[in-house]
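K.L.:
One file is attached below, query_27.cif, containing mmCIF, C-alpha atoms and all ligand atoms.
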```
data_upload
loop_
_atom_site.label_atom_id
_atom_site.label_comp_id
_atom_site.auth_asym_id
_atom_site.auth_seq_id
_atom_site.Cartn_x
_atom_site.Cartn_y
_atom_site.Cartn_z
CA MET A 1 12.27 -6.40 -9.44
CA LYS A 2 9.32 -8.45 -8.35
CA ILE A 3 6.13 -6.96 -6.94
CA THR A 4 3.69 -9.25 -5.17
CA VAL A 5 0.25 -8.17 -4.11
CA LEU A 6 -0.23 -9.78 -0.70
CA GLY A 7 -3.60 -8.30 0.22
CA THR A 8 -6.34 -6.82 -1.95
CA ASN A 9 -9.26 -6.28 0.45
CA GLY A 10 -10.33 -3.02 2.03
CA TRP A 11 -11.69 -2.91 5.60
CA PHE A 12 -11.55 -6.61 6.53
CA ASP A 13 -10.37 -10.04 5.42
CA THR A 14 -12.79 -12.35 3.61
CA ASP A 15 -12.55 -15.33 1.25
CA THR A 16 -11.69 -12.84 -1.51
CA GLY A 17 -8.46 -11.76 0.17
CA SER A 18 -6.49 -10.24 3.03
CA THR A 19 -6.44 -6.56 3.89
CA ASN A 20 -4.03 -4.60 1.79
CA CYS A 21 -0.32 -5.04 1.52
CA VAL A 22 2.12 -5.06 -1.41
CA LEU A 23 5.66 -6.40 -1.40
CA LEU A 24 8.38 -5.11 -3.74
CA GLN A 25 11.64 -7.06 -3.86
CA THR A 26 14.96 -6.21 -5.46
CA SER A 27 18.19 -8.16 -5.11
CA ASP A 28 19.30 -5.70 -2.39
CA TYR A 29 16.24 -4.90 -0.25
CA SER A 30 12.47 -5.21 0.17
CA VAL A 31 9.85 -2.47 0.25
CA ILE A 32 6.48 -3.21 1.82
CA MET A 33 3.52 -0.94 1.17
CA ASP A 34 0.89 -0.87 3.91
CA ALA A 35 0.45 -3.43 6.62
CA GLY A 36 -3.00 -4.99 6.46
CA PHE A 37 -3.12 -8.68 7.34
CA GLY A 38 -1.60 -9.43 3.91
CA ILE A 39 1.73 -8.60 5.53
CA THR A 40 1.65 -11.95 7.37
CA LYS A 41 2.58 -13.57 4.01
CA ILE A 42 6.04 -11.96 4.02
CA LYS A 43 7.19 -14.66 6.44
CA THR A 44 8.08 -17.10 3.65
CA ARG A 45 8.87 -14.52 0.96
CA VAL A 46 11.17 -11.84 2.36
CA ASP A 47 14.92 -12.22 2.76
CA PHE A 48 15.14 -10.94 6.33
CA SER A 49 18.94 -10.62 6.14
CA LYS A 50 18.48 -7.64 3.77
CA PRO A 51 17.06 -4.19 4.61
CA VAL A 52 13.27 -3.86 4.72
CA TYR A 53 11.39 -0.55 4.35
CA LEU A 54 7.72 -0.46 5.31
CA PHE A 55 5.72 2.49 3.95
CA LEU A 56 2.35 3.28 5.55
CA THR A 57 -0.27 5.37 3.78
CA HIS A 58 -2.43 6.10 6.82
CA LEU A 59 -3.46 4.69 10.16
CA HIS A 60 -6.89 3.22 9.44
CA LEU A 61 -6.74 -0.25 10.93
CA ASP A 62 -7.05 -2.11 7.61
CA HIS A 63 -3.67 -0.57 6.71
CA VAL A 64 -1.84 -1.21 9.98
CA ILE A 65 -3.61 -4.17 11.64
CA GLY A 66 -0.87 -6.55 10.42
CA LEU A 67 1.65 -4.72 12.62
CA HIS A 68 0.13 -6.84 15.36
CA ALA A 69 2.08 -9.74 13.81
CA LEU A 70 5.51 -8.04 13.77
CA ASP A 71 6.75 -10.37 16.51
CA TYR A 72 6.54 -13.31 14.09
CA PHE A 73 9.15 -12.00 11.66
CA ASN A 74 12.88 -12.23 12.14
CA PHE A 75 14.27 -9.02 10.70
CA GLU A 76 18.05 -9.22 10.91
CA GLN A 77 18.45 -5.49 10.32
CA PRO A 78 16.48 -2.60 11.83
CA LEU A 79 13.01 -2.42 10.29
CA ARG A 80 12.48 1.06 8.84
CA VAL A 81 8.83 2.11 9.12
CA ILE A 82 7.90 5.19 7.10
CA THR A 83 4.86 6.67 8.78
CA PRO A 84 2.22 8.81 6.99
CA ILE A 85 3.03 12.54 6.90
CA GLY A 86 2.67 13.77 10.50
CA GLY A 87 1.57 10.34 11.75
CA THR A 88 4.56 9.13 13.80
CA ASP A 89 3.20 9.95 17.27
CA ASP A 90 -0.20 8.41 16.53
CA LEU A 91 1.43 5.21 15.29
CA LYS A 92 3.57 4.97 18.43
CA ASP A 93 0.38 5.39 20.46
CA LEU A 94 -1.20 2.45 18.66
CA LEU A 95 1.86 0.21 18.96
CA ARG A 96 1.99 0.00 22.72
CA SER A 97 0.39 -1.86 25.60
CA PRO A 98 -2.48 -2.69 25.99
CA PHE A 99 -3.13 -2.68 22.20
CA SER A 100 -0.07 -4.65 21.08
CA ALA A 101 3.59 -5.21 21.88
CA ALA A 102 5.36 -1.86 22.28
CA TRP A 103 6.96 -0.76 18.99
CA ASP A 104 10.36 -0.50 20.67
CA SER A 105 10.21 -3.86 22.46
CA HIS A 106 10.77 -6.25 19.55
CA VAL A 107 13.92 -8.39 19.35
CA TYR A 108 14.97 -6.29 16.34
CA PRO A 109 14.98 -2.47 16.38
CA ILE A 110 12.30 -0.48 14.59
CA GLU A 111 13.28 2.91 13.20
CA MET A 112 10.36 5.26 12.53
CA ILE A 113 10.74 7.88 9.82
CA ASP A 114 7.99 10.44 9.23
CA ALA A 115 7.20 10.70 5.52
CA LYS A 116 7.56 14.47 5.82
CA ASN A 117 11.28 13.88 6.47
CA LEU A 118 11.95 11.55 3.54
CA GLU A 119 14.05 14.12 1.72
CA LYS A 120 16.48 14.20 4.65
CA THR A 121 16.59 10.41 4.90
CA ASN A 122 19.23 8.31 3.25
CA LEU A 123 17.44 5.56 1.31
CA PRO A 124 18.78 3.34 -1.49
CA PHE A 125 16.00 4.55 -3.85
CA LYS A 126 14.10 7.75 -4.66
CA VAL A 127 10.65 8.24 -3.19
CA GLU A 128 8.23 11.16 -3.13
CA ALA A 129 5.40 11.46 -0.58
CA LEU A 130 2.33 13.67 -1.05
CA PRO A 131 -0.91 14.05 0.92
CA LEU A 132 -4.05 12.54 -0.61
CA VAL A 133 -7.76 13.16 0.00
CA HIS A 134 -9.25 10.76 2.55
CA ALA A 135 -11.33 10.80 5.74
CA VAL A 136 -8.07 11.00 7.74
CA PRO A 137 -4.57 12.22 6.77
CA ASP A 138 -3.31 9.88 4.05
CA THR A 139 -0.01 9.80 2.16
CA GLY A 140 0.64 8.54 -1.35
CA TYR A 141 4.07 7.44 -2.58
CA ARG A 142 5.95 7.49 -5.86
CA PHE A 143 9.01 5.23 -5.93
CA GLU A 144 11.80 5.32 -8.47
CA ILE A 145 13.58 1.98 -8.22
CA ASP A 146 16.02 0.50 -10.76
CA GLY A 147 14.79 2.97 -13.39
CA LYS A 148 11.09 2.14 -12.92
CA ILE A 149 8.32 4.24 -11.40
CA ILE A 150 5.92 2.55 -9.00
CA ALA A 151 3.07 4.63 -7.53
CA PHE A 152 1.13 3.57 -4.44
CA VAL A 153 -2.02 5.66 -4.26
CA ILE A 154 -4.46 4.12 -1.80
CA ASP A 155 -7.58 5.27 0.07
CA THR A 156 -8.12 8.52 -1.74
CA ALA A 157 -10.58 10.41 -3.84
CA TYR A 158 -9.38 11.41 -7.31
CA CYS A 159 -7.13 14.45 -6.75
CA GLU A 160 -4.27 16.41 -8.25
CA ASN A 161 -1.62 14.81 -6.05
CA ALA A 162 -2.82 11.32 -7.04
CA VAL A 163 -2.26 12.22 -10.71
CA LYS A 164 1.13 13.76 -9.89
CA LEU A 165 2.30 10.65 -8.05
CA ALA A 166 1.08 8.33 -10.79
CA LYS A 167 2.41 10.37 -13.76
CA ASN A 168 3.87 7.99 -16.38
CA ALA A 169 4.21 5.23 -13.76
CA ASP A 170 5.41 1.84 -14.95
CA LEU A 171 3.03 0.41 -12.37
CA LEU A 172 0.26 2.29 -10.60
CA ILE A 173 -1.18 0.43 -7.62
CA THR A 174 -4.41 2.12 -6.66
CA GLU A 175 -7.73 1.53 -5.02
CA CYS A 176 -11.41 1.03 -5.58
CA GLY A 177 -13.03 0.98 -2.17
CA PHE A 178 -16.45 1.62 -3.63
CA TYR A 179 -18.71 -0.26 -5.98
CA PRO A 180 -19.58 1.53 -9.26
CA GLY A 181 -22.01 4.35 -8.70
CA THR A 182 -21.48 4.62 -4.94
CA ALA A 183 -18.38 6.82 -4.49
CA ASN A 184 -18.34 10.10 -2.66
CA THR A 185 -15.37 12.34 -2.09
CA VAL A 186 -16.12 12.85 1.63
CA SER A 187 -15.02 9.31 2.44
CA GLY A 188 -12.10 9.60 0.05
CA HIS A 189 -12.38 6.48 -2.08
CA MET A 190 -12.72 5.68 -5.76
CA THR A 191 -14.82 3.36 -7.88
CA PRO A 192 -13.24 1.36 -10.72
CA GLU A 193 -14.31 4.12 -13.12
CA THR A 194 -12.64 6.89 -11.10
CA ALA A 195 -9.51 4.78 -10.65
CA ALA A 196 -9.49 4.19 -14.42
CA LYS A 197 -9.71 7.96 -14.97
CA LEU A 198 -6.71 8.39 -12.66
CA ALA A 199 -4.80 5.73 -14.62
CA SER A 200 -5.67 7.35 -17.93
CA ASP A 201 -5.05 10.98 -16.87
CA SER A 202 -1.68 10.08 -15.38
CA ASN A 203 -0.68 8.00 -18.41
CA ALA A 204 0.25 5.03 -16.24
CA LYS A 205 1.66 2.14 -18.27
CA GLN A 206 0.07 -0.54 -16.06
CA THR A 207 -2.54 -0.13 -13.34
CA VAL A 208 -3.67 -2.68 -10.80
CA LEU A 209 -6.65 -2.14 -8.51
CA ILE A 210 -6.58 -3.31 -4.90
CA HIS A 211 -8.45 -2.31 -1.71
CA PHE A 212 -11.76 -3.71 -2.91
CA GLY A 213 -14.19 -2.81 -0.12
CA ALA A 214 -15.00 -6.14 1.52
CA ASN A 215 -18.58 -5.14 2.22
CA ALA A 216 -19.33 -4.25 -1.41
CA PHE A 217 -17.22 -6.78 -3.34
CA GLU A 218 -18.31 -10.04 -1.70
CA THR A 219 -17.08 -12.27 -4.53
CA ILE A 220 -14.28 -12.24 -7.10
CA ASP A 221 -16.95 -12.35 -9.79
CA LYS A 222 -18.42 -9.11 -8.46
CA ARG A 223 -14.93 -7.57 -8.50
CA SER A 224 -14.47 -8.67 -12.06
CA ARG A 225 -17.76 -7.18 -13.27
CA ALA A 226 -17.00 -3.89 -11.49
CA VAL A 227 -13.51 -3.64 -12.99
CA ASP A 228 -15.05 -4.12 -16.44
CA THR A 229 -16.81 -0.76 -15.97
CA GLY A 230 -13.41 0.91 -15.57
CA ARG A 231 -12.06 -0.71 -18.74
CA LYS A 232 -14.28 1.58 -20.80
CA VAL A 233 -11.95 4.41 -19.72
CA TYR A 234 -8.64 2.50 -19.38
CA PRO A 235 -8.86 -0.83 -21.23
CA GLU A 236 -5.80 -2.45 -19.58
CA LEU A 237 -7.10 -2.07 -16.02
CA ILE A 238 -5.94 -5.07 -13.97
CA MET A 239 -8.09 -6.59 -11.22
CA GLY A 240 -5.82 -7.26 -8.25
CA LEU A 241 -5.89 -10.66 -6.59
CA ASP A 242 -3.93 -11.84 -3.57
CA ASN A 243 -0.54 -13.32 -4.57
CA MET A 244 -0.57 -11.71 -8.04
CA GLU A 245 2.98 -10.98 -9.24
CA PHE A 246 4.47 -8.31 -11.48
CA ILE A 247 8.00 -8.33 -12.85
CA LEU A 248 9.35 -4.89 -13.82
ZN ZN A 301 -8.65 1.23 3.79
ZN ZN A 302 -8.72 4.52 5.01
#
```
Spit out the file's structure as structure tokens when you get a sec.
Ligand SMILES: [Zn+2]
Ligand SMILES: [Zn+2]

P.N.:
Amino acid sequence: MKITVLGTNGWFDTDTGSTNCVLLQTSDYSVIMDAGFGITKIKTRVDFSKPVYLFLTHLHLDHVIGLHALDYFNFEQPLRVITPIGGTDDLKDLLRSPFSAAWDSHVYPIEMIDAKNLEKTNLPFKVEALPLVHAVPDTGYRFEIDGKIIAFVIDTAYCENAVKLAKNADLLITECGFYPGTANTVSGHMTPETAAKLASDSNAKQTVLIHFGANAFETIDKRSRAVDTGRKVYPELIMGLDNMEFIL
């Protein structure tokens, strides 16, 4: 499978990248994780004739703002949107006039599935959803696809569920909203050092950082120096960049 990081910024788009979104592609379907403006790049990458599953961690705008562009994609099958645990009604409220096109008015149908009901949902892969620690309800995901574990643990403080989701992951995709030395658990974000601790404690085989807070990481060079601080704890820590690809 191929995993492409389409957006690595937190909060807003800048020259360093788009707001966060990750695309996972197999020969049978695509999985999209979060819908920052990075999602606009799926237009030329996704095979729209195959099923597409969009997993949302939470409803902060930098994770859903790209849904504003849904009209520009030609899904040939219903788009399955997995909403954060308990977040379906709030998402429907956001995806309606006058904020955007109504979620049920696109030329293709959208099917919303609350992450709390994933166990009852028939999907072509295994996925576990657990609540994380953030300023608003936030859901992390652990996918088991073609024998590989991919964990998507975004916008959270270090917590037990984050470690559980990332345990022995082949690829952990996680966040560092805060610059070294500035994290606090109330906002529910990590620094590169905390993210490195998560990677190490969960024994993740590969870990890539995304969701670099756009206000703190103004340049790629600043990102790079910050990620270096995490490498003291987890030497293989990867600095995410838009369009970076992983083959698992
Ligand atoms: Zn965010
Ligand atoms: Zn957030």

K.L.:
Choose the residue, out of A:Ile149, A:Val64, A:Val31, A:Leu70, that has the smallest atom-to-atom separation from ligand ZN 302 (chain A); count only C-alpha atoms and all ligand atoms.

P.N.:
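The answer is A:Val64, which sits nearest to ligand ZN 302 (chain A).
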
K.L.:
As a quick test: using all atoms listed in the file, which residues lie no more than 7 Å away from ligand ZN 302 (chain A)? Give them as a list in words.

P.N.:
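Those within range of ligand ZN 302 (chain A) are His58, His60, His134, Ala135 and Asp155 of chain A.
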
K.L.:
Do you know which residues are at most 9 Å from Asp15 in chain A counting all atoms listed in the file, after dropping those on the same chain fewer than 3 positions away, and could you put them as a list in words?

P.N.:
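The residues that qualify are Ser18, Glu218 and Thr219 of chain A.
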
K.L.:
Chain A near ligand ZN 301 (chain A) within 9 Å: what's each residue's closest atom pair and its distance in Å to one decimal, counting only C-alpha atoms and all ligand atoms, ordered by chain then ascending residue number, as JSON lines?

P.N.:
```
{"residue": "A:Asn9", "atom": "CA", "partner": "A:ZN301", "partner_atom": "ZN", "distance": 8.2}
{"residue": "A:Gly10", "atom": "CA", "partner": "A:ZN301", "partner_atom": "ZN", "distance": 4.9}
{"residue": "A:Trp11", "atom": "CA", "partner": "A:ZN301", "partner_atom": "ZN", "distance": 5.4}
{"residue": "A:Phe12", "atom": "CA", "partner": "A:ZN301", "partner_atom": "ZN", "distance": 8.8}
{"residue": "A:Thr19", "atom": "CA", "partner": "A:ZN301", "partner_atom": "ZN", "distance": 8.1}
{"residue": "A:Asn20", "atom": "CA", "partner": "A:ZN301", "partner_atom": "ZN", "distance": 7.7}
{"residue": "A:Gly36", "atom": "CA", "partner": "A:ZN301", "partner_atom": "ZN", "distance": 8.8}
{"residue": "A:His58", "atom": "CA", "partner": "A:ZN301", "partner_atom": "ZN", "distance": 8.5}
{"residue": "A:Leu59", "atom": "CA", "partner": "A:ZN301", "partner_atom": "ZN", "distance": 8.9}
{"residue": "A:His60", "atom": "CA", "partner": "A:ZN301", "partner_atom": "ZN", "distance": 6.2}
{"residue": "A:Leu61", "atom": "CA", "partner": "A:ZN301", "partner_atom": "ZN", "distance": 7.5}
{"residue": "A:Asp62", "atom": "CA", "partner": "A:ZN301", "partner_atom": "ZN", "distance": 5.3}
{"residue": "A:His63", "atom": "CA", "partner": "A:ZN301", "partner_atom": "ZN", "distance": 6.0}
{"residue": "A:Ile154", "atom": "CA", "partner": "A:ZN301", "partner_atom": "ZN", "distance": 7.6}
{"residue": "A:Asp155", "atom": "CA", "partner": "A:ZN301", "partner_atom": "ZN", "distance": 5.6}
{"residue": "A:Glu175", "atom": "CA", "partner": "A:ZN301", "partner_atom": "ZN", "distance": 8.9}
{"residue": "A:Gly177", "atom": "CA", "partner": "A:ZN301", "partner_atom": "ZN", "distance": 7.4}
{"residue": "A:His189", "atom": "CA", "partner": "A:ZN301", "partner_atom": "ZN", "distance": 8.7}
{"residue": "A:His211", "atom": "CA", "partner": "A:ZN301", "partner_atom": "ZN", "distance": 6.5}
{"residue": "A:Phe212", "atom": "CA", "partner": "A:ZN301", "partner_atom": "ZN", "distance": 8.9}
{"residue": "A:Gly213", "atom": "CA", "partner": "A:ZN301", "partner_atom": "ZN", "distance": 7.9}
```

K.L.:
Considering all atoms listed in the file, can you say which of A:Ile247, A:Leu94, A:Ile85, A:Met112 comes closest to Pro137 in chain A?

P.N.:
A:Ile85
